[in-house]
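Enquirer: Please read through the structure below; I'll follow up with questions.
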Amino acid sequence: MNFIETCNDIFTRTVILYHKTDDVDAQVTNPYDQGTIEARLFEKCWIDAVQWHLEDIIRDPNIDPVQALAIKRRIDKSNQDRTDCVEDIDSYFRTTYAQVQPQPDATINTESPAWAIDRLSILALKIYHMREQAERTDASAEHIATCRGKLNILLEQQVDLSTAISQLLDDIAAGRKFMKVYRQMKMYNDPDTNPVLYAHKK
């Protein structure tokens with residue numbers, strides 16, 4: 001099993017594990033050894049699964065405004081945790097390929113490997129939930145047909161994205177491409193760069 005196959009396997013297992021309780025507050029033990037890239041991939045997908053369902057909850061038209069604000073704050077933190085996790089995965093790749101000498105004509109990719117893998121994690125969630133819709137017994141035939149069509153597209157996208165990321169990693173390993181990691185530097189989370197936040201510090 002190559003690295004991207006491992007990613008897809010972990011993401012699929014993580015999404016299934018989340019739905020055993022389908023609870024955004026469920027406590028889970030990471031099934032992979034602490035400090036491994038596998039454990040980090042699991043954590044990444046778990047963050048995505050919880051946030052996916054928080055996004056569902058907050059769209060309830062009858063939600064209590066106080067609860068909605070609390071969930072919004074939680075989503076904000078989840079977004080930062082997700083970014084931190086992706087950047088850690090990119091650090092793994094930087095270490096893995098640290099000794100590779102880029103070829104003179106090596107090129108850079110539009111996104112880092114970990115941000116592409118981030119999209120694979122989200123795809124695993126989309127596939128799970130679109131399959132769920134395609135298998136409903138309480139929906140119209142039209143709805144089910146539409147969701148089956150979308151599911152087929154998502155599965156095709158998963159194959160294409162997996163292939164593209166595998167090729168990117170092969171190119172980096174061979175020196176045909178090189179990677180650079182730019183930290184996200186999200187200014188709205190920083191009390192020193194968000195003017196609304198630093199105004200309260202005066």
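In the structure tokens, the first chain shown is A, the next is B, and so on; residue numbers restart at 1 for each chain, and ligands run from 1 in the order shown.
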So that I can see what lies close to region 7-22 of chain A, please list as a PDB file with N, CA and C atoms, in the first residue's frame the residues with an atom at most 6 Å from it, counting only C-alpha atoms and leaving out residues fewer than 5 positions away in the same chain.
Expert:
```pdb
ATOM      1  N   CYS A  45      -8.472  13.853   9.881  1.00  0.00           N
ATOM      2  CA  CYS A  45      -9.790  13.478   9.379  1.00  0.00           C
ATOM      3  C   CYS A  45     -10.848  13.556  10.479  1.00  0.00           C
ATOM      4  N   SER A 121      -9.144  14.093   2.509  1.00  0.00           N
ATOM      5  CA  SER A 121      -9.895  13.874   3.742  1.00  0.00           C
ATOM      6  C   SER A 121     -11.332  14.374   3.603  1.00  0.00           C
ATOM      7  N   ALA A 124     -13.398  12.066   1.446  1.00  0.00           N
ATOM      8  CA  ALA A 124     -13.886  10.866   2.142  1.00  0.00           C
ATOM      9  C   ALA A 124     -15.209  11.145   2.832  1.00  0.00           C
TER      10      ALA A 124
END
```
Enquirer: Please identify which residues in region 52-185 of chain A DSSP calls strand (DSSP E) from the backbone, and express them as a list in words.
Expert: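 The residues of region 52-185 of chain A classed as strand (DSSP E) are Thr107, Ile108, Lys177 and Phe178 of chain A.
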Enquirer: Tell me which of A:Glu55, A:Asp60, A:Asp48, A:Glu38 sits closest to Ile89 (chain A), counting only C-alpha atoms.
Expert: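 Using only C-alpha atoms, Ile89 (chain A) sits closest to A:Glu38.
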Enquirer: So that I can see what lies close to Ile4 (chain A), please list as an MDAnalysis selection string the residues with an atom at most 8 Å from it, counting only C-alpha atoms and leaving out residues fewer than 2 positions away in the same chain.
Expert: chainID A and resid 2 6:8 162 165:166
Enquirer: Just to be explicit: take each residue in the selection above, keep N, CA and C atoms, and write the result as a short mmCIF file (atom, residue, chain, number, x, y, z; two decimals), in the first residue's frame.
Expert:
```cif
data_model
loop_
_atom_site.label_atom_id
_atom_site.label_comp_id
_atom_site.auth_asym_id
_atom_site.auth_seq_id
_atom_site.Cartn_x
_atom_site.Cartn_y
_atom_site.Cartn_z
N ASN A 2 0.74 2.11 -1.02
CA ASN A 2 1.56 3.31 -1.05
C ASN A 2 0.99 4.37 -0.10
N THR A 6 -2.66 4.58 1.81
CA THR A 6 -2.75 4.59 3.26
C THR A 6 -3.62 5.74 3.74
N CYS A 7 -3.42 6.92 3.14
CA CYS A 7 -4.26 8.08 3.50
C CYS A 7 -5.73 7.76 3.30
N ASN A 8 -6.08 7.27 2.12
CA ASN A 8 -7.49 6.99 1.83
C ASN A 8 -8.06 5.92 2.75
N SER A 162 -6.06 11.27 -5.99
CA SER A 162 -5.08 10.33 -5.43
C SER A 162 -3.92 10.11 -6.40
N ILE A 165 -1.70 13.32 -6.50
CA ILE A 165 -0.85 13.49 -5.32
C ILE A 165 0.29 12.48 -5.33
N SER A 166 -0.02 11.25 -5.73
CA SER A 166 1.04 10.23 -5.82
C SER A 166 2.11 10.67 -6.82
#
```
Enquirer: Could you give me, as a ChimeraX atom specification, the residues within 10 Å of region 29-36 of chain A, counting only C-alpha atoms and dropping anything in the same chain fewer than 2 positions from it?
Expert: /A:10,14,27,38-43,46,92
Enquirer: I need the helix (DSSP H, G or I) residues of region 51-98 of chain A per DSSP on the backbone, written as a PyMOL selection string.
Expert: chain A and resi 51-58+65-96
Enquirer: Those residues you just picked out, can you put them in a file as a short mmCIF file (atom, residue, chain, number, x, y, z; two decimals), in the first residue's frame with N, CA and C atoms?
Expert:
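Heads up, here's the output in out23.cif:
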```
data_model
loop_
_atom_site.label_atom_id
_atom_site.label_comp_id
_atom_site.auth_asym_id
_atom_site.auth_seq_id
_atom_site.Cartn_x
_atom_site.Cartn_y
_atom_site.Cartn_z
N GLN A 51 -16.12 18.81 12.37
CA GLN A 51 -16.50 20.12 11.84
C GLN A 51 -17.60 20.00 10.80
N TRP A 52 -17.57 18.97 9.98
CA TRP A 52 -18.63 18.73 8.99
C TRP A 52 -20.00 18.76 9.68
N HIS A 53 -20.09 18.06 10.81
CA HIS A 53 -21.38 17.95 11.50
C HIS A 53 -21.73 19.20 12.29
N LEU A 54 -20.72 19.91 12.76
CA LEU A 54 -20.99 21.21 13.37
C LEU A 54 -21.58 22.17 12.33
N GLU A 55 -21.08 22.09 11.11
CA GLU A 55 -21.61 22.94 10.04
C GLU A 55 -23.07 22.58 9.74
N ASP A 56 -23.42 21.29 9.85
CA ASP A 56 -24.83 20.89 9.70
C ASP A 56 -25.68 21.49 10.81
N ILE A 57 -25.21 21.34 12.04
CA ILE A 57 -25.99 21.77 13.21
C ILE A 57 -26.25 23.27 13.17
N ILE A 58 -25.25 24.03 12.82
CA ILE A 58 -25.39 25.49 12.90
C ILE A 58 -26.35 26.03 11.84
N PRO A 65 -29.77 31.28 19.20
CA PRO A 65 -28.64 32.15 18.83
C PRO A 65 -27.42 31.99 19.73
N VAL A 66 -27.64 31.77 21.00
CA VAL A 66 -26.51 31.58 21.92
C VAL A 66 -25.75 30.30 21.56
N GLN A 67 -26.51 29.24 21.27
CA GLN A 67 -25.89 27.98 20.87
C GLN A 67 -25.15 28.16 19.54
N ALA A 68 -25.77 28.90 18.63
CA ALA A 68 -25.15 29.12 17.32
C ALA A 68 -23.80 29.83 17.46
N LEU A 69 -23.75 30.83 18.33
CA LEU A 69 -22.50 31.55 18.53
C LEU A 69 -21.44 30.63 19.13
N ALA A 70 -21.84 29.80 20.07
CA ALA A 70 -20.89 28.87 20.68
C ALA A 70 -20.34 27.90 19.63
N ILE A 71 -21.21 27.43 18.74
CA ILE A 71 -20.76 26.52 17.68
C ILE A 71 -19.86 27.24 16.70
N LYS A 72 -20.19 28.50 16.39
CA LYS A 72 -19.34 29.28 15.48
C LYS A 72 -17.94 29.42 16.06
N ARG A 73 -17.85 29.69 17.35
CA ARG A 73 -16.54 29.78 18.00
C ARG A 73 -15.80 28.43 17.92
N ARG A 74 -16.56 27.38 18.08
CA ARG A 74 -15.96 26.04 18.01
C ARG A 74 -15.46 25.74 16.60
N ILE A 75 -16.21 26.15 15.60
CA ILE A 75 -15.79 25.97 14.21
C ILE A 75 -14.52 26.77 13.93
N ASP A 76 -14.46 27.98 14.45
CA ASP A 76 -13.26 28.80 14.28
C ASP A 76 -12.03 28.08 14.83
N LYS A 77 -12.16 27.52 16.03
CA LYS A 77 -11.03 26.79 16.63
C LYS A 77 -10.70 25.55 15.81
N SER A 78 -11.74 24.87 15.31
CA SER A 78 -11.52 23.69 14.49
C SER A 78 -10.75 24.02 13.23
N ASN A 79 -11.08 25.15 12.62
CA ASN A 79 -10.36 25.58 11.41
C ASN A 79 -8.88 25.80 11.70
N GLN A 80 -8.59 26.40 12.85
CA GLN A 80 -7.19 26.61 13.22
C GLN A 80 -6.50 25.28 13.50
N ASP A 81 -7.19 24.37 14.19
CA ASP A 81 -6.62 23.04 14.47
C ASP A 81 -6.34 22.30 13.17
N ARG A 82 -7.25 22.42 12.22
CA ARG A 82 -7.08 21.78 10.92
C ARG A 82 -5.84 22.33 10.22
N THR A 83 -5.70 23.65 10.21
CA THR A 83 -4.54 24.27 9.58
C THR A 83 -3.25 23.81 10.24
N ASP A 84 -3.22 23.80 11.57
CA ASP A 84 -2.03 23.35 12.29
C ASP A 84 -1.68 21.91 11.93
N CYS A 85 -2.72 21.08 11.82
CA CYS A 85 -2.50 19.67 11.51
C CYS A 85 -1.93 19.51 10.10
N VAL A 86 -2.48 20.23 9.15
CA VAL A 86 -1.98 20.16 7.77
C VAL A 86 -0.52 20.61 7.72
N GLU A 87 -0.19 21.66 8.43
CA GLU A 87 1.18 22.15 8.41
C GLU A 87 2.13 21.15 9.06
N ASP A 88 1.66 20.42 10.05
CA ASP A 88 2.48 19.36 10.64
C ASP A 88 2.73 18.23 9.64
N ILE A 89 1.71 17.91 8.85
CA ILE A 89 1.87 16.87 7.83
C ILE A 89 2.88 17.33 6.78
N ASP A 90 2.82 18.60 6.40
CA ASP A 90 3.82 19.12 5.47
C ASP A 90 5.22 19.07 6.07
N SER A 91 5.34 19.28 7.37
CA SER A 91 6.65 19.17 8.02
C SER A 91 7.19 17.75 7.89
N TYR A 92 6.29 16.78 7.97
CA TYR A 92 6.69 15.38 7.76
C TYR A 92 7.29 15.21 6.37
N PHE A 93 6.64 15.80 5.37
CA PHE A 93 7.16 15.67 4.00
C PHE A 93 8.50 16.40 3.84
N ARG A 94 8.62 17.54 4.46
CA ARG A 94 9.88 18.28 4.36
C ARG A 94 11.02 17.45 4.95
N THR A 95 10.75 16.77 6.05
CA THR A 95 11.77 15.91 6.65
C THR A 95 12.06 14.72 5.75
N THR A 96 10.99 14.13 5.22
CA THR A 96 11.14 12.94 4.37
C THR A 96 12.01 13.23 3.14
#
```
Enquirer: Counting only C-alpha atoms, which residues of region 69-165 of chain A sit at most 7 Å from some atom of region 170-183 of chain A, and what is each one's closest atom pair with its distance in Å to one decimal, listed by chain and rising residue number, as a Markdown table?
Expert:
```
| residue | atom | partner | partner_atom | distance |
| --- | --- | --- | --- | --- |
| A:Tyr97 | CA | A:Ala173 | CA | 6.3 |
| A:Val100 | CA | A:Gly175 | CA | 6.2 |
| A:Gln101 | CA | A:Gly175 | CA | 5.9 |
| A:Pro102 | CA | A:Gly175 | CA | 4.0 |
| A:Gln103 | CA | A:Gly175 | CA | 5.2 |
| A:Ala106 | CA | A:Arg176 | CA | 4.6 |
| A:Thr107 | CA | A:Lys177 | CA | 4.7 |
| A:Ile108 | CA | A:Phe178 | CA | 5.3 |
| A:Ser112 | CA | A:Met179 | CA | 6.4 |
```
Enquirer: Write out, as a PDB file, in the first residue's frame, the residues just selected, with C-alpha atoms.
Expert:
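Writing the result to out_2.pdb gives the following:
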```pdb
ATOM      1  CA  TYR A  97      12.516  14.720   1.305  1.00  0.00           C
ATOM      2  CA  VAL A 100      16.607  15.264  -2.153  1.00  0.00           C
ATOM      3  CA  GLN A 101      18.537  17.595  -4.420  1.00  0.00           C
ATOM      4  CA  PRO A 102      16.112  19.314  -6.809  1.00  0.00           C
ATOM      5  CA  GLN A 103      17.051  19.100 -10.460  1.00  0.00           C
ATOM      6  CA  ALA A 106      12.657  21.471 -11.004  1.00  0.00           C
ATOM      7  CA  THR A 107       9.342  23.263 -10.648  1.00  0.00           C
ATOM      8  CA  ILE A 108       7.116  24.117  -7.705  1.00  0.00           C
ATOM      9  CA  SER A 112       1.879  21.579  -0.895  1.00  0.00           C
TER      10      SER A 112
END
```
Enquirer: Between CA of Leu161 (chain A) and CA of Arg59 (chain A), what is the distance, to one decimal in Å?
Expert: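 A separation of 29.4 Å between them.
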Enquirer: Which one of A:Val159, A:Leu169, A:Ala199, A:Ala134 sits closest to Ala114 (chain A) if you count only C-alpha atoms?
Expert: A:Leu169
Enquirer: Tell me, in Å to one decimal, how far CA of Ala98 (chain A) is from CA of Leu120 (chain A).
Expert: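 CA of Leu120 (chain A) lies at a distance of 24.2 Å from CA of Ala98 (chain A).
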Enquirer: Set the distance at 8 Å and use only C-alpha atoms: which residues neighbour Ile127 (chain A) once local chain neighbours fewer than 2 positions away are removed? I'd like the list as a ChimeraX atom specification.
Expert: /A:123-125,129-131,151,154-155
